[in-house]
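Asker: Below are the structure tokens for one structure; questions will follow.
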Amino acid sequence: MGEQQVKDQFDAEQLRLFSRKLLTDLRALETMLDSGLFETEVRRIGAEQEMFLVDRDWRPAPVATELLKRLDDPHFTTELGRFNLECNLDPITLGGTSLREMERQLNVLLHKARLAAEELEVEVVLCGILPTLDKSDLSLENMTPRPRYFALNEAINRLRGERYHLHVKGRDEINVTHDNVMLESCNTSFQVHFQVKPENFARLYNTAQAVAAPVLAAATNSPMLFGRQLWRETRIALFQQSIDTRAPASHLRKQSPRVSFGRRWVDESVVEIYREDISRFRVLMSTEVDEDPFELMDRGIAPRLQALRLHNGTIYRWNRPCYGISDGKAHLRIENRILPAGPTPLDEVANAALWFGLLNGVSSLFPDVTEVMEFDVARENFVAAARLGLGAHLTWPRRGNIPAQQLLLVELLPLAREGLQELDTDSSDIDRFLGVIEERIRCLRTGSQWQVDSYDSMKCDGSEAECLTAIVAATVSRQRTGQPVHTWELASLQEAGDGKKHRLRVDQLMTTDLFTVNKDELVDIVACVMNWHHIRHVPVEDNLHRLVGLVTHRSLLRLLADNATGDEHRPVPVSEIMTTDLVTAHPEMSTLEAIRLMRDKRVSCLPVVDKRKRLVGIVTERDFMSIAGQLLEAYLS
């Protein structure tokens, strides 16, 4: 996340002073570009590995701060959530065995993290979105206690002026609201950096935009959020909406989200991107800037450009330009934020190899990709790849509309191979890493597909919570082998454990696919719903989805008895028979507490409501009998 010493209180005067520093930094960058003050003799690559921490129940473990103390290693740092961790690989020169070295250091750092995690009885997981993550995990209590994160939350809340609204539709659909920026912590990625010469920046940046879709299609690993199967790379939609400062508007004004693919190709220079971002996006936070970049340049010292880098760190382009300093020399990088974390370090470095190779190979084939591809086509390709992965159809120069699998196998993998060869990459490394990509594509087994197939194979025999728990447990187990995801066996319910751990709370057990009615509807509708779907309880909610009553099978029988000698043809509204003296549960309630509540109140079901009294689910006696039966069976065996 970059600079941590930020102002955690909104101060308009301070932001104006910071904005002046921001413009000064941009002018300094322009001067440096005009004067040739950038490193051009070497091309480095690097990466940032984000990861989840889970407890022995395979749920998020908010222990990152404690883990960092045990690690005591500058390669590791915090992320937004206390159940996230990040490690930064050392920059290395691209070519030779650099890909192998990247994988080696990544494995060394992950091994170190796993050893420290074991001392806290937690595990490290590499996946784009953790399947067992619940919305209740996204409280400010689980935000890492650093000023930058709280300042970011405050600034985005101030600009939005209302709750966060997340709406994603895929195989399933999710439509939820949240009250803070912690939705961002649902995402983890493997961010890859590619150093470029300033004079080549526009050409290579545009190429990075053009190849983003096929690279993503081959690398998806985030198909689920809160138990819903959404996009093959749900991170793309989730991240954009979690950092969106735009308030909904009734007019047709075009507004750019802070997370975006961009709006157009770059014509000549990185300065175009910085100018556009300063023009379109307000300064969210400030920091003390203690340098005069022009005075430093006069002394032959590369300025840090603190203000420019902090502002750039609050704008999340999927391919983001970065300014940095190595060995006292300034350089430019393209940061690929597209790739998800996992499934294994081998898979991740293979994804990076595909990207590095395509940057070089495609830019050699099409020296100016803007002449053969419209920007809107590149952006549409990107969304299609995020939605459908290898099942997407992409539009490509000279190929037209073509399945992603075919495009990658027939044209892009050979181009990536040529690109890596031109970069003097070791031939055995090219064969190994691109071989992983090729086999993954041929068998259509990305990390996302493995999760979806695993879930589908278990869903008839286990609950949603059991299936998600088994996927996380299996992911950890298979990651430890180091074998690429296309070779993995599907997860099994047995890997979820003994059946107790993943049923500790109501939200892990409740039914969320509900049949509900309005209080003014006809009772006959309720009777039909109960009969058609073999249920005994139908919640009654208002137009804002707030629970106002409950119709039970018993209340229908009473109505029939009362009408035995009365006017049986009168249309009876639901309001006349519904129960309004309700006993409810909340999602975080323990299952044991819920069982006791049902027993003490002598009720056969508990509608589950959130803090705003909106209906989110229901648990019944049958749900608890299912648990009891499985636990008893496990005990007796």
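Identifiers in this document derive from the order of the structure tokens: chains are assigned A, B, ..., residues are numbered from 1 separately in each chain, and ligands are numbered from 1 in order of occurrence.
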What parts of region 468-616 of chain A does DSSP call strand (DSSP E)? I'd like the answer as a list of chain:residue names.
Answerer: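 Secondary structure check on region 468-616 of chain A, strand (DSSP E): A:His537, A:Val538, A:Pro539, A:Val540, A:Glu541, A:Leu547, A:Val548, A:Gly549, A:Leu550, A:Val551, A:Thr552, A:Cys605, A:Leu606, A:Pro607, A:Val608, A:Val609, A:Leu615, A:Val616.
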Asker: Selected residues, N, CA and C atoms, written as a short mmCIF file (atom, residue, chain, number, x, y, z; two decimals), in the first residue's frame, please.
Answerer:
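Below you can see selection21.cif, which holds the result:
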```
data_model
loop_
_atom_site.label_atom_id
_atom_site.label_comp_id
_atom_site.auth_asym_id
_atom_site.auth_seq_id
_atom_site.Cartn_x
_atom_site.Cartn_y
_atom_site.Cartn_z
N HIS A 537 -42.28 -23.08 6.88
CA HIS A 537 -42.18 -21.71 7.39
C HIS A 537 -41.95 -20.76 6.21
N VAL A 538 -42.74 -19.69 6.14
CA VAL A 538 -42.57 -18.68 5.10
C VAL A 538 -42.46 -17.31 5.77
N PRO A 539 -41.31 -16.66 5.71
CA PRO A 539 -41.16 -15.32 6.31
C PRO A 539 -41.97 -14.28 5.54
N VAL A 540 -42.40 -13.26 6.27
CA VAL A 540 -43.13 -12.14 5.68
C VAL A 540 -42.23 -10.91 5.80
N GLU A 541 -41.97 -10.23 4.68
CA GLU A 541 -41.09 -9.07 4.71
C GLU A 541 -41.74 -7.90 4.00
N LEU A 547 -37.97 -7.97 8.10
CA LEU A 547 -38.87 -9.03 8.57
C LEU A 547 -40.01 -8.43 9.38
N VAL A 548 -41.25 -8.77 9.02
CA VAL A 548 -42.41 -8.24 9.75
C VAL A 548 -43.30 -9.36 10.30
N GLY A 549 -43.06 -10.59 9.86
CA GLY A 549 -43.91 -11.67 10.35
C GLY A 549 -43.44 -13.01 9.85
N LEU A 550 -44.19 -14.06 10.25
CA LEU A 550 -43.85 -15.43 9.85
C LEU A 550 -45.14 -16.23 9.74
N VAL A 551 -45.29 -16.93 8.62
CA VAL A 551 -46.41 -17.85 8.45
C VAL A 551 -45.89 -19.27 8.60
N THR A 552 -46.53 -20.03 9.50
CA THR A 552 -46.11 -21.40 9.73
C THR A 552 -47.18 -22.37 9.22
N CYS A 605 -38.30 -22.70 14.19
CA CYS A 605 -37.38 -22.06 13.24
C CYS A 605 -36.97 -20.70 13.78
N LEU A 606 -35.87 -20.21 13.23
CA LEU A 606 -35.39 -18.87 13.59
C LEU A 606 -35.11 -18.09 12.30
N PRO A 607 -35.92 -17.08 11.98
CA PRO A 607 -35.52 -16.17 10.91
C PRO A 607 -34.24 -15.45 11.32
N VAL A 608 -33.34 -15.24 10.38
CA VAL A 608 -32.06 -14.60 10.67
C VAL A 608 -32.08 -13.20 10.06
N VAL A 609 -31.83 -12.19 10.88
CA VAL A 609 -31.88 -10.80 10.44
C VAL A 609 -30.56 -10.12 10.75
N LEU A 615 -34.15 -9.35 6.55
CA LEU A 615 -34.10 -10.81 6.51
C LEU A 615 -32.94 -11.27 5.64
N VAL A 616 -32.09 -12.13 6.18
CA VAL A 616 -30.95 -12.64 5.42
C VAL A 616 -30.94 -14.15 5.31
#
```
Asker: Counting only C-alpha atoms, what is within 6 Å of region 115-126 of chain A, bar same-chain residues fewer than 6 positions away, as a list in words?
Answerer: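 What passes the distance filter is Met51, Phe52, Leu53, Val54, Asp55, Ala341, Gly342, Pro343 and Val476 of chain A.
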Asker: Within 10 Å of Asn107 (chain A), counting only C-alpha atoms, which residues show up once you throw out same-chain ones fewer than 3 positions away? Write them as a ChimeraX atom specification, please.
Answerer: /A:101-104,110-113,344-346,482
Asker: Limited to N, CA and C atoms, could you put the picked residues into a file as a short mmCIF file (atom, residue, chain, number, x, y, z; two decimals), in the first residue's frame?
Answerer:
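Saved to again-v5.cif:
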```cif
data_model
loop_
_atom_site.label_atom_id
_atom_site.label_comp_id
_atom_site.auth_asym_id
_atom_site.auth_seq_id
_atom_site.Cartn_x
_atom_site.Cartn_y
_atom_site.Cartn_z
N GLU A 101 14.73 -17.91 -10.40
CA GLU A 101 15.12 -17.22 -9.18
C GLU A 101 13.91 -16.59 -8.50
N MET A 102 12.98 -16.04 -9.29
CA MET A 102 11.75 -15.49 -8.72
C MET A 102 10.97 -16.57 -7.99
N GLU A 103 10.83 -17.73 -8.62
CA GLU A 103 10.11 -18.83 -7.97
C GLU A 103 10.83 -19.29 -6.71
N ARG A 104 12.17 -19.37 -6.78
CA ARG A 104 12.93 -19.82 -5.62
C ARG A 104 12.74 -18.90 -4.42
N LEU A 110 7.60 -17.88 1.38
CA LEU A 110 6.37 -18.54 1.80
C LEU A 110 6.66 -19.61 2.86
N HIS A 111 7.76 -20.31 2.70
CA HIS A 111 8.13 -21.31 3.72
C HIS A 111 8.38 -20.62 5.06
N LYS A 112 9.04 -19.49 5.02
CA LYS A 112 9.29 -18.75 6.25
C LYS A 112 7.98 -18.28 6.88
N ALA A 113 7.06 -17.81 6.05
CA ALA A 113 5.76 -17.38 6.57
C ALA A 113 4.99 -18.54 7.17
N THR A 344 -0.43 -21.85 -6.86
CA THR A 344 0.87 -22.20 -6.29
C THR A 344 1.89 -21.20 -6.81
N PRO A 345 3.06 -21.12 -6.15
CA PRO A 345 4.12 -20.27 -6.69
C PRO A 345 4.50 -20.63 -8.13
N LEU A 346 4.50 -21.92 -8.44
CA LEU A 346 4.80 -22.33 -9.81
C LEU A 346 3.77 -21.77 -10.79
N GLY A 482 3.42 -28.12 -4.05
CA GLY A 482 4.07 -27.35 -5.10
C GLY A 482 3.65 -27.74 -6.50
#
```
Asker: Contacts between region 377-388 of chain A and region 233-339 of chain A, please, where a residue of region 233-339 of chain A counts if it comes within 12 Å (with only C-alpha atoms); show its shortest atom pair and distance in Å to one decimal, rows by chain and ascending number, as JSON lines.
Answerer:
```
{"residue": "A:Glu233", "atom": "CA", "partner": "A:Ala386", "partner_atom": "CA", "distance": 4.8}
{"residue": "A:Thr234", "atom": "CA", "partner": "A:Ala386", "partner_atom": "CA", "distance": 6.9}
{"residue": "A:Arg235", "atom": "CA", "partner": "A:Ala386", "partner_atom": "CA", "distance": 8.4}
{"residue": "A:Ile236", "atom": "CA", "partner": "A:Ala386", "partner_atom": "CA", "distance": 6.6}
{"residue": "A:Ala237", "atom": "CA", "partner": "A:Ala386", "partner_atom": "CA", "distance": 8.3}
{"residue": "A:Leu238", "atom": "CA", "partner": "A:Ala386", "partner_atom": "CA", "distance": 11.1}
{"residue": "A:Gln240", "atom": "CA", "partner": "A:Val383", "partner_atom": "CA", "distance": 11.9}
{"residue": "A:Ser260", "atom": "CA", "partner": "A:Arg379", "partner_atom": "CA", "distance": 9.6}
{"residue": "A:Phe261", "atom": "CA", "partner": "A:Arg379", "partner_atom": "CA", "distance": 6.6}
{"residue": "A:Gly262", "atom": "CA", "partner": "A:Arg379", "partner_atom": "CA", "distance": 8.2}
{"residue": "A:Arg263", "atom": "CA", "partner": "A:Arg379", "partner_atom": "CA", "distance": 8.7}
{"residue": "A:Arg264", "atom": "CA", "partner": "A:Arg379", "partner_atom": "CA", "distance": 9.4}
{"residue": "A:Trp265", "atom": "CA", "partner": "A:Ala378", "partner_atom": "CA", "distance": 9.9}
{"residue": "A:Trp318", "atom": "CA", "partner": "A:Phe382", "partner_atom": "CA", "distance": 10.1}
{"residue": "A:Asn319", "atom": "CA", "partner": "A:Phe382", "partner_atom": "CA", "distance": 11.7}
{"residue": "A:Ile338", "atom": "CA", "partner": "A:Ala386", "partner_atom": "CA", "distance": 9.6}
{"residue": "A:Leu339", "atom": "CA", "partner": "A:Ala386", "partner_atom": "CA", "distance": 10.7}
```
Asker: Compile the contact shell of region 179-191 of chain A as a PyMOL selection string: residues with an atom at most 6 Å away, counting only C-alpha atoms, same-chain residues fewer than 6 positions apart removed.
Answerer: chain A and resi 47-51+80-81+128-129+138+153+163-164+235+239+242+336-337+339-341
